[in-house]
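Reading through the structure tokens given below for one structure.
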There are 2 protein chains.
Amino acid sequence: MTKVEQKCRNAKAASVMLATLSSLEKDAALLAMADSFEANCDIIFEANKRDLAAADCAGISSAMRKRLELTSENIQQMAEGVRQIAALRDPIGETIEGYIRPNGMEVRKVRVPIGVIGIIYESRPNVTADAAALCLKAGNAVVLRGGSEAINSNLAIEKLIDESITRAGIPAGAVQIIETTDRAAANELMKMKQYIDCLIPRGGKGLIQTVVENSTIPVIEHGDGNCHVYVDGAADLAMAENIVFNAKVQNPSVCNAMETLLVSEQVASIFLPRVYGKLAGAGVEIRGCEKTQAIISVKPACEEDWETEFLDLILAVKVVSGIDEAIEHIRKYGSGHSEAIVTENLSAAKRFTNEIDAAAVFVNVSTRFTDGYEFGKGAEMGISTQKLHARGPMGIEEITTYKYVVTGSGQVRQ
Amino acid sequence: MTKVEQKCRNAKAASVMLATLSSLEKDAALLAMADSFEANCDIIFEANKRDLAAADCAGISSAMRKRLELTSENIQQMAEGVRQIAALRDPIGETIEGYIRPNGMEVRKVRVPIGVIGIIYESRPNVTADAAALCLKAGNAVVLRGGSEAINSNLAIEKLIDESITRAGIPAGAVQIIETTDRAAANELMKMKQYIDCLIPRGGKGLIQTVVENSTIPVIEHGDGNCHVYVDGAADLAMAENIVFNAKVQNPSVCNAMETLLVSEQVASIFLPRVYGKLAGAGVEIRGCEKTQAIISVKPACEEDWETEFLDLILAVKVVSGIDEAIEHIRKYGSGHSEAIVTENLSAAKRFTNEIDAAAVFVNVSTRFTDGYEFGKGAEMGISTQKLHARGPMGIEEITTYKYVVTGSGQVRQ
């Protein structure tokens, strides 16, 4: 048996016991986990510094470096995040619906854990803590496979998790981490269907595509966010300026940041000069279509720019004839994550929300709100960009399933 | 462009329009479809006879033949089934939840169609009608790929569907059928991720495994039902006799029929002789473990029998020491479909429902009830045996997804 298979098997064995733990037992373990992060933050820092040194040698982008770095504030947030998960209502055991059939049999649809969840992710070592805590609260075992760039941070965090939760009585094997970050280990993990019930890839296009093509385990894609803001001809331009600036600049390295701005030709000649100064002042590089270039002095955008999730202070800008062309552009290039329209016109807003096929569609709101906390749902596993099982922010309920429990008194089928 | 790709592309194009149709438009098309089945039943019979003649030459089992054959009663049921689907409440547009966040933005989780659903199925030509009608009602386009054994029936039914619904104003391409039944066409279909949002395989282990290993499209498995009834030491034996007989004999060719009977050794010597006469009288062939053979005169069961979904009047029987061994056996051999316990003991019932991981778990009820209609949910696409998106009977709500529609007045993220 390979190391990867052994880890998956450990998780599967633990999942049987995890499913029957009480909320009290799970929450005690989560609080112990949070305390351990705070008490041992030096260990995490030291490991993270080794990852950052390696990353600096390899010359990663500033946005990627930001995703990798753990500050003391981040570790405080990690611990607080775990405490917030402990404070959530336990979803397991909830009767989602229940009724009695005419023949007297009682049907209950009951929320249960999925079992074992596999997560393949890049950068962001705090995912290790968030994902482990959320899975544990929902009674799932988890197998984590982070990227090579964060391996030291991930191993340090997982070791603290494992020690603290097993001391609190959680079965060994509940949180497993794959130590080898080569492609072979990832490919092996994707075939572990007999042990893993659900695989969540979080990362860029390449990672998602590899998982989709190779996994035999059901996948919930956490794909890229090639998000658009469309400034309609009937937009309030002051509002549009704020939303565009926020969607691009407030945190450019995240999946719900805007990557392409679409502007109606009705307002382009007024709006683009206005927003240009503000964006340029924040260091945003703009790449525009020909019509954009005729209004503001920017670099030309090429086909690739419409397809790219920059995750950086770069913005593609296109002037469109109106809502039809905007919808067509988003249908062609959008990744189904978050799309926004700025308009005061009711019909335009209705068409946009009906015809755009994405996890979250916004009217007069920044795309940056696609997020479990911002939607009022608490901690999340990430943002699903597929349509099955969970779409958009994937919180604690989305990492559960259900079974039908039917009780009767000898009913047989006629 | 290949024929398969062209069909998938047609479906994708139709899905955009289908998503915006009103219930009135969809229901009118469904009623036209039902009328067409009745008015043209001769065409369906003639095609079905050709399939049956080919099947008889190939020498299929009686259970398989029963799944393939369409009687006039079946066609009447097909038409009635479609009318019942028309009468269902349209799930599309439903606000699943909606609330206002502290910053004033209004979040609504709205039910929308999945888009394009692909179905790969074996036998049972009525699936062609049921699946097309259910997909249409939920605003989805559908690409159907039936088995070679039912190809003439499927093509005849699809032609009637296509003619009747396009005449009623549904966009052409909404219901597509793959005419070639070779493996290459199926494999090609499984890679059509850019057009198909969800793939549902319905059939035996071989089919499911091929799809799971080759599909890049998210899959909802409709796998085999290796279902068990466990007769506990504390069972009401008269009730157990009825449930066992019903679960095996009432319709042995369906996925929720019992395939293995587990009997506690506390009651085996009384119960087995009782049920044996009744089952043998109905023509059931019993294959027993050694302990079973010591009580009733039956053939020996081999390892393969515990793994097999017979779909026929064959039953494997095992005497177990008690509930622990029963749960262990079901964990090892069960397919996660439907599992039943017969007991008057509350703790045994509770352990069984908590510890058995299946779509439906029954206490003192026949396994035969796992079904959309029997659960009171109306028409179904089939029974999902996986845990993501839908588990158990998959009705109209289970072939929808949702999106978040967020409206505001210029909210930006802090």
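Letters A, B, ... mark the chains of the structure tokens in the order given; residue numbers begin at 1 per chain; ligand numbers begin at 1, in order shown.
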Polymer residues at most 9 Å from Ile120 of chain B, only C-alpha atoms, same-chain spacing of 2 or more positions, as a PyMOL selection string | chain B and resi 118+122+143-147+186+199-203+207+211
I want to know what sits within 6 Å of segment 105-116 of chain A, based on only C-alpha atoms, with residues of the same chain fewer than 4 positions away left out; could you give that as a PDB file with C-alpha atoms, in the first residue's frame?
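Saved to part-v5.pdb:
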ATOM      1  CA  SER A  15     -14.957   9.051   9.103  1.00  0.00           C
ATOM      2  CA  ILE A  92     -25.553  16.974  11.365  1.00  0.00           C
ATOM      3  CA  GLY A  93     -28.743  15.171  12.360  1.00  0.00           C
ATOM      4  CA  GLU A  94     -31.033  17.961  11.187  1.00  0.00           C
ATOM      5  CA  THR A  95     -34.305  16.699   9.736  1.00  0.00           C
ATOM      6  CA  ILE A  96     -34.434  18.648   6.470  1.00  0.00           C
ATOM      7  CA  GLU A  97     -37.960  17.467   5.797  1.00  0.00           C
ATOM      8  CA  GLY A  98     -40.217  14.866   7.338  1.00  0.00           C
ATOM      9  CA  TYR A  99     -43.716  13.651   6.632  1.00  0.00           C
ATOM     10  CA  ILE A 100     -46.026  10.653   6.865  1.00  0.00           C
ATOM     11  CA  ARG A 101     -47.146   8.925   3.670  1.00  0.00           C
ATOM     12  CA  ALA A 138     -19.560  18.704   9.741  1.00  0.00           C
ATOM     13  CA  GLY A 139     -18.360  15.234  10.804  1.00  0.00           C
ATOM     14  CA  ASN A 140     -16.189  14.664   7.745  1.00  0.00           C
ATOM     15  CA  ALA A 141     -12.636  13.374   7.597  1.00  0.00           C
ATOM     16  CA  VAL A 142     -10.373  15.331   5.253  1.00  0.00           C
ATOM     17  CA  ILE A 196     -12.839   9.649  -0.809  1.00  0.00           C
ATOM     18  CA  ASP A 197     -16.420  10.784  -1.430  1.00  0.00           C
ATOM     19  CA  THR A 400     -22.995  17.597   4.105  1.00  0.00           C
ATOM     20  CA  THR A 401     -25.366  15.242   2.319  1.00  0.00           C
ATOM     21  CA  TYR A 402     -28.575  13.546   3.430  1.00  0.00           C
ATOM     22  CA  LYS A 403     -30.139  10.149   3.657  1.00  0.00           C
ATOM     23  CA  TYR A 404     -33.770   9.099   3.788  1.00  0.00           C
ATOM     24  CA  VAL A 405     -34.731   7.313   6.994  1.00  0.00           C
ATOM     25  CA  VAL A 406     -38.053   5.534   6.593  1.00  0.00           C
ATOM     26  CA  THR A 407     -39.790   3.871   9.520  1.00  0.00           C
ATOM     27  CA  GLY A 408     -42.987   1.875   9.430  1.00  0.00           C
TER      28      GLY A 408
END
If you run DSSP over the backbone, which residues in segment 74-237 of chain A end up strand (DSSP E)? Put them as a VMD selection string.
-> chain A and resid 95 to 100 106 to 113 116 to 121 141 to 145 175 to 177 198 to 202 227 to 231
Find, counting only C-alpha atoms, the residue in A:Ala11, A:Met17, A:Leu315, A:Ile396 that gets nearest to chain B.
-> A:Met17
Kindly assemble as a tab-separated table a list of the chain B residues that lie within 8 Å of chain A, each paired with its nearest atom pair and their distance in Å to one decimal, using only C-alpha atoms, sorted first by chain and then by ascending residue number.
residue	atom	partner	partner_atom	distance
B:Val16	CA	A:Glu355	CA	7.9
B:Thr20	CA	A:Asn354	CA	7.7
B:Arg101	CA	A:Gly376	CA	7.1
B:Met105	CA	A:Val365	CA	7.7
B:Val107	CA	A:Phe375	CA	7.2
B:Ile114	CA	A:Lys387	CA	6.6
B:Asp197	CA	A:Lys387	CA	7.4
B:Cys198	CA	A:Leu388	CA	7.5
B:Val212	CA	A:Thr216	CA	5.5
B:Glu213	CA	A:Thr216	CA	5.3
B:Asn214	CA	A:Thr216	CA	8.0
B:Ser215	CA	A:Glu213	CA	7.6
B:Thr216	CA	A:Glu213	CA	5.3
B:Ile217	CA	A:Val212	CA	7.8
B:Pro218	CA	A:Pro218	CA	6.8
B:Val219	CA	A:Pro218	CA	7.0
B:Met239	CA	A:Gly410	CA	5.4
B:Ala240	CA	A:Gly410	CA	7.6
B:Asn242	CA	A:Val412	CA	7.2
B:Ile243	CA	A:Val412	CA	5.9
B:Asn246	CA	A:Val412	CA	6.0
B:Ala247	CA	A:Val412	CA	7.7
B:Gln250	CA	A:Arg413	CA	7.5
B:Thr353	CA	A:Val405	CA	6.7
B:Asn354	CA	A:Thr20	CA	7.7
B:Glu355	CA	A:Val16	CA	7.9
B:Asp357	CA	A:Lys403	CA	7.9
B:Ala358	CA	A:Lys403	CA	6.6
B:Ala359	CA	A:Lys403	CA	5.0
B:Ala360	CA	A:Tyr404	CA	4.5
B:Val361	CA	A:Val405	CA	5.0
B:Phe362	CA	A:Val406	CA	4.7
B:Val363	CA	A:Thr407	CA	4.6
B:Asn364	CA	A:Gly410	CA	5.0
B:Val365	CA	A:Gln411	CA	4.9
B:Ser366	CA	A:Val412	CA	5.2
B:Arg368	CA	A:Arg413	CA	6.3
B:Phe369	CA	A:Arg413	CA	6.6
B:Phe375	CA	A:Val107	CA	7.2
B:Gly376	CA	A:Arg101	CA	7.1
B:Lys387	CA	A:Thr401	CA	6.0
B:Leu388	CA	A:His389	CA	5.6
B:His389	CA	A:His389	CA	3.6
B:Ala390	CA	A:His389	CA	7.3
B:Arg391	CA	A:Lys403	CA	6.9
B:Gly392	CA	A:Tyr404	CA	7.6
B:Thr401	CA	A:Lys387	CA	6.0
B:Tyr402	CA	A:Arg391	CA	7.0
B:Lys403	CA	A:Ala359	CA	5.0
B:Tyr404	CA	A:Ala360	CA	4.5
B:Val405	CA	A:Val361	CA	5.0
B:Val406	CA	A:Phe362	CA	4.7
B:Thr407	CA	A:Val363	CA	4.6
B:Gly408	CA	A:Asn364	CA	5.2
B:Ser409	CA	A:Asn364	CA	5.4
B:Gly410	CA	A:Asn364	CA	5.0
B:Gln411	CA	A:Val365	CA	4.9
B:Val412	CA	A:Ser366	CA	5.2
B:Arg413	CA	A:Arg368	CA	6.3
B:Gln414	CA	A:Gln250	CA	7.7
Would you mind listing what lies within 12 Å of Val319 of chain A as an MDAnalysis selection string, with only C-alpha atoms counted and same-chain residues fewer than 6 positions away left out?
-> chainID A and resid 229:233 260:269 271:272 287:296 301 325:326 329
May I ask which of the residues A:Cys8, A:Val127, A:Leu30, A:Val284 is the closest one to Val82 of chain A, counting only C-alpha atoms?
-> A:Leu30
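Among B:Asn152, B:Ser347, B:Thr181, B:Ser23, the residue with the shortest atom-to-atom distance to Val4 of chain B, counting only C-alpha atoms, is B:Thr181.
Between Asp27 of chain A and the residues A:Gly322, A:Pro125, A:Gly169, A:Gly59, the shortest atom-to-atom distance, using only C-alpha atoms, involves A:Gly169.
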Find the spatial neighbours of Ala129 of chain B, counting only C-alpha atoms, within a cut-off of 12 Å - ignore same-chain residues fewer than 6 positions away - and output them as a PyMOL selection string.
-> chain B and resi 30+33-34+36-37+44+74-83+85+135-136+142+144+146+153-162+175-177+379-381
So which residues of segment 72-246 of chain B fall under alpha helix (DSSP H) by DSSP, listed as a short mmCIF file (atom, residue, chain, number, x, y, z; two decimals) with N, CA and C atoms, in the first residue's frame?
data_model
loop_
_atom_site.label_atom_id
_atom_site.label_comp_id
_atom_site.auth_asym_id
_atom_site.auth_seq_id
_atom_site.Cartn_x
_atom_site.Cartn_y
_atom_site.Cartn_z
N SER B 72 -49.23 -1.89 -24.22
CA SER B 72 -50.07 -0.70 -24.42
C SER B 72 -50.32 -0.02 -23.08
N GLU B 73 -50.29 -0.83 -22.02
CA GLU B 73 -50.42 -0.24 -20.68
C GLU B 73 -49.21 0.67 -20.39
N ASN B 74 -48.00 0.21 -20.78
CA ASN B 74 -46.79 1.03 -20.59
C ASN B 74 -46.89 2.37 -21.31
N ILE B 75 -47.41 2.32 -22.53
CA ILE B 75 -47.47 3.57 -23.31
C ILE B 75 -48.50 4.52 -22.70
N GLN B 76 -49.62 3.93 -22.22
CA GLN B 76 -50.61 4.73 -21.51
C GLN B 76 -49.95 5.38 -20.28
N GLN B 77 -49.14 4.57 -19.57
CA GLN B 77 -48.44 5.09 -18.38
C GLN B 77 -47.45 6.18 -18.75
N MET B 78 -46.76 5.99 -19.87
CA MET B 78 -45.81 7.02 -20.33
C MET B 78 -46.53 8.34 -20.55
N ALA B 79 -47.66 8.28 -21.24
CA ALA B 79 -48.43 9.50 -21.53
C ALA B 79 -48.94 10.12 -20.23
N GLU B 80 -49.46 9.27 -19.34
CA GLU B 80 -49.97 9.78 -18.06
C GLU B 80 -48.85 10.38 -17.24
N GLY B 81 -47.69 9.73 -17.29
CA GLY B 81 -46.52 10.22 -16.56
C GLY B 81 -46.16 11.63 -17.01
N VAL B 82 -46.18 11.84 -18.33
CA VAL B 82 -45.85 13.16 -18.87
C VAL B 82 -46.88 14.20 -18.43
N ARG B 83 -48.16 13.79 -18.42
CA ARG B 83 -49.22 14.72 -17.96
C ARG B 83 -49.04 15.08 -16.49
N GLN B 84 -48.60 14.08 -15.70
CA GLN B 84 -48.35 14.36 -14.28
C GLN B 84 -47.19 15.34 -14.12
N ILE B 85 -46.19 15.20 -14.98
CA ILE B 85 -45.05 16.14 -14.93
C ILE B 85 -45.52 17.55 -15.29
N ALA B 86 -46.41 17.63 -16.30
CA ALA B 86 -46.96 18.94 -16.68
C ALA B 86 -47.69 19.58 -15.51
N ALA B 87 -48.34 18.73 -14.70
CA ALA B 87 -49.14 19.24 -13.59
C ALA B 87 -48.29 19.65 -12.38
N ASN B 126 -39.00 3.56 -21.80
CA ASN B 126 -39.83 4.61 -21.20
C ASN B 126 -38.99 5.70 -20.56
N VAL B 127 -37.72 5.39 -20.24
CA VAL B 127 -36.82 6.41 -19.69
C VAL B 127 -36.69 7.58 -20.67
N THR B 128 -36.70 7.27 -21.96
CA THR B 128 -36.59 8.31 -22.99
C THR B 128 -37.67 9.38 -22.80
N ALA B 129 -38.91 8.92 -22.59
CA ALA B 129 -40.02 9.86 -22.42
C ALA B 129 -39.96 10.55 -21.06
N ASP B 130 -39.77 9.78 -20.00
CA ASP B 130 -39.75 10.35 -18.65
C ASP B 130 -38.66 11.40 -18.51
N ALA B 131 -37.46 11.06 -18.97
CA ALA B 131 -36.31 11.95 -18.80
C ALA B 131 -36.49 13.22 -19.61
N ALA B 132 -36.96 13.07 -20.85
CA ALA B 132 -37.15 14.25 -21.70
C ALA B 132 -38.18 15.18 -21.08
N ALA B 133 -39.29 14.62 -20.59
CA ALA B 133 -40.36 15.43 -20.03
C ALA B 133 -39.91 16.16 -18.76
N LEU B 134 -39.21 15.44 -17.90
CA LEU B 134 -38.77 16.04 -16.64
C LEU B 134 -37.75 17.15 -16.90
N CYS B 135 -36.82 16.88 -17.81
CA CYS B 135 -35.81 17.90 -18.14
C CYS B 135 -36.48 19.15 -18.71
N LEU B 136 -37.44 18.94 -19.63
CA LEU B 136 -38.14 20.06 -20.25
C LEU B 136 -38.88 20.90 -19.21
N LYS B 137 -39.59 20.23 -18.30
CA LYS B 137 -40.33 20.95 -17.26
C LYS B 137 -39.40 21.82 -16.41
N ILE B 151 -32.67 0.66 -29.20
CA ILE B 151 -32.43 1.81 -30.08
C ILE B 151 -33.65 2.16 -30.95
N ASN B 152 -34.34 1.13 -31.47
CA ASN B 152 -35.49 1.43 -32.34
C ASN B 152 -36.62 2.09 -31.55
N SER B 153 -36.90 1.55 -30.37
CA SER B 153 -37.93 2.14 -29.51
C SER B 153 -37.56 3.58 -29.16
N ASN B 154 -36.30 3.78 -28.75
CA ASN B 154 -35.87 5.11 -28.33
C ASN B 154 -35.97 6.14 -29.45
N LEU B 155 -35.54 5.74 -30.64
CA LEU B 155 -35.59 6.67 -31.77
C LEU B 155 -37.03 7.03 -32.11
N ALA B 156 -37.92 6.03 -32.06
CA ALA B 156 -39.34 6.29 -32.38
C ALA B 156 -39.93 7.26 -31.37
N ILE B 157 -39.64 7.03 -30.08
CA ILE B 157 -40.18 7.91 -29.03
C ILE B 157 -39.61 9.31 -29.16
N GLU B 158 -38.31 9.40 -29.41
CA GLU B 158 -37.69 10.74 -29.51
C GLU B 158 -38.25 11.51 -30.69
N LYS B 159 -38.53 10.81 -31.81
CA LYS B 159 -39.06 11.50 -33.00
C LYS B 159 -40.44 12.10 -32.67
N LEU B 160 -41.25 11.33 -31.95
CA LEU B 160 -42.57 11.85 -31.56
C LEU B 160 -42.43 13.05 -30.61
N ILE B 161 -41.48 12.95 -29.69
CA ILE B 161 -41.25 14.06 -28.76
C ILE B 161 -40.84 15.31 -29.53
N ASP B 162 -39.85 15.14 -30.37
CA ASP B 162 -39.28 16.29 -31.09
C ASP B 162 -40.35 16.98 -31.93
N GLU B 163 -41.13 16.20 -32.69
CA GLU B 163 -42.18 16.77 -33.53
C GLU B 163 -43.21 17.52 -32.71
N SER B 164 -43.66 16.88 -31.62
CA SER B 164 -44.76 17.48 -30.86
C SER B 164 -44.32 18.73 -30.12
N ILE B 165 -43.13 18.74 -29.53
CA ILE B 165 -42.75 19.91 -28.73
C ILE B 165 -42.31 21.08 -29.59
N THR B 166 -41.65 20.80 -30.73
CA THR B 166 -41.28 21.95 -31.57
C THR B 166 -42.53 22.58 -32.17
N ARG B 167 -43.56 21.74 -32.51
CA ARG B 167 -44.82 22.29 -32.99
C ARG B 167 -45.45 23.18 -31.92
N ARG B 183 -19.47 2.23 -28.55
CA ARG B 183 -18.75 2.75 -27.41
C ARG B 183 -18.08 4.10 -27.70
N ALA B 184 -17.62 4.25 -28.94
CA ALA B 184 -16.92 5.49 -29.31
C ALA B 184 -17.82 6.71 -29.12
N ALA B 185 -19.09 6.57 -29.52
CA ALA B 185 -20.02 7.69 -29.38
C ALA B 185 -20.26 8.01 -27.91
N ALA B 186 -20.38 6.97 -27.09
CA ALA B 186 -20.57 7.19 -25.66
C ALA B 186 -19.36 7.88 -25.05
N ASN B 187 -18.19 7.40 -25.43
CA ASN B 187 -16.96 8.01 -24.89
C ASN B 187 -16.82 9.46 -25.30
N GLU B 188 -17.22 9.75 -26.53
CA GLU B 188 -17.16 11.12 -27.00
C GLU B 188 -18.11 12.01 -26.18
N LEU B 189 -19.30 11.48 -25.94
CA LEU B 189 -20.31 12.22 -25.17
C LEU B 189 -19.78 12.59 -23.78
N LYS B 205 -23.14 -2.02 -13.07
CA LYS B 205 -21.81 -1.65 -12.60
C LYS B 205 -20.86 -1.26 -13.72
N GLY B 206 -20.88 -2.05 -14.81
CA GLY B 206 -19.95 -1.82 -15.91
C GLY B 206 -20.14 -0.45 -16.52
N LEU B 207 -21.39 -0.11 -16.79
CA LEU B 207 -21.70 1.19 -17.39
C LEU B 207 -21.25 2.33 -16.47
N ILE B 208 -21.64 2.22 -15.20
CA ILE B 208 -21.30 3.29 -14.23
C ILE B 208 -19.80 3.48 -14.16
N GLN B 209 -19.07 2.35 -14.08
CA GLN B 209 -17.62 2.45 -13.93
C GLN B 209 -16.98 3.12 -15.14
N THR B 210 -17.45 2.73 -16.34
CA THR B 210 -16.92 3.34 -17.56
C THR B 210 -17.14 4.85 -17.54
N VAL B 211 -18.33 5.27 -17.14
CA VAL B 211 -18.64 6.70 -17.13
C VAL B 211 -17.79 7.43 -16.09
N VAL B 212 -17.71 6.87 -14.89
CA VAL B 212 -16.94 7.51 -13.81
C VAL B 212 -15.48 7.67 -14.21
N GLU B 213 -14.93 6.66 -14.90
CA GLU B 213 -13.52 6.71 -15.26
C GLU B 213 -13.23 7.64 -16.43
N ASN B 214 -14.22 7.82 -17.30
CA ASN B 214 -13.94 8.56 -18.53
C ASN B 214 -14.56 9.94 -18.62
N LEU B 237 -41.68 -11.83 13.32
CA LEU B 237 -41.35 -12.72 12.20
C LEU B 237 -42.42 -12.76 11.12
N ALA B 238 -43.68 -12.53 11.49
CA ALA B 238 -44.73 -12.48 10.47
C ALA B 238 -44.50 -11.26 9.58
N MET B 239 -44.17 -10.13 10.22
CA MET B 239 -43.86 -8.91 9.46
C MET B 239 -42.64 -9.13 8.58
N ALA B 240 -41.62 -9.76 9.15
CA ALA B 240 -40.37 -10.00 8.41
C ALA B 240 -40.65 -10.85 7.16
N GLU B 241 -41.51 -11.84 7.32
CA GLU B 241 -41.86 -12.72 6.20
C GLU B 241 -42.48 -11.92 5.06
N ASN B 242 -43.43 -11.05 5.40
CA ASN B 242 -44.08 -10.20 4.39
C ASN B 242 -43.09 -9.27 3.70
N ILE B 243 -42.25 -8.64 4.50
CA ILE B 243 -41.29 -7.67 3.94
C ILE B 243 -40.29 -8.37 3.04
N VAL B 244 -39.76 -9.50 3.49
CA VAL B 244 -38.78 -10.24 2.69
C VAL B 244 -39.41 -10.69 1.37
N PHE B 245 -40.61 -11.24 1.44
CA PHE B 245 -41.28 -11.71 0.23
C PHE B 245 -41.52 -10.54 -0.73
N ASN B 246 -42.01 -9.43 -0.19
CA ASN B 246 -42.29 -8.27 -1.04
C ASN B 246 -41.02 -7.72 -1.67
#
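Going from atom CA of Ile178 of chain A over to atom CA of Arg124 of chain A, you cover 16.1 Å.
The space between atom CA of Ala63 of chain A and atom CA of Gly277 of chain A spans 22.5 Å.
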Quick one: pull the distance between atom CA of Leu52 of chain A and atom CA of Met64 of chain A, Å, one decimal.
-> 10.5 Å
Name all residues at most 9 Å from Arg9 of chain B (count only C-alpha atoms; drop same-chain ones fewer than 4 positions away) and give them as a PyMOL selection string.
-> chain B and resi 4-5+13-14+173+194-196
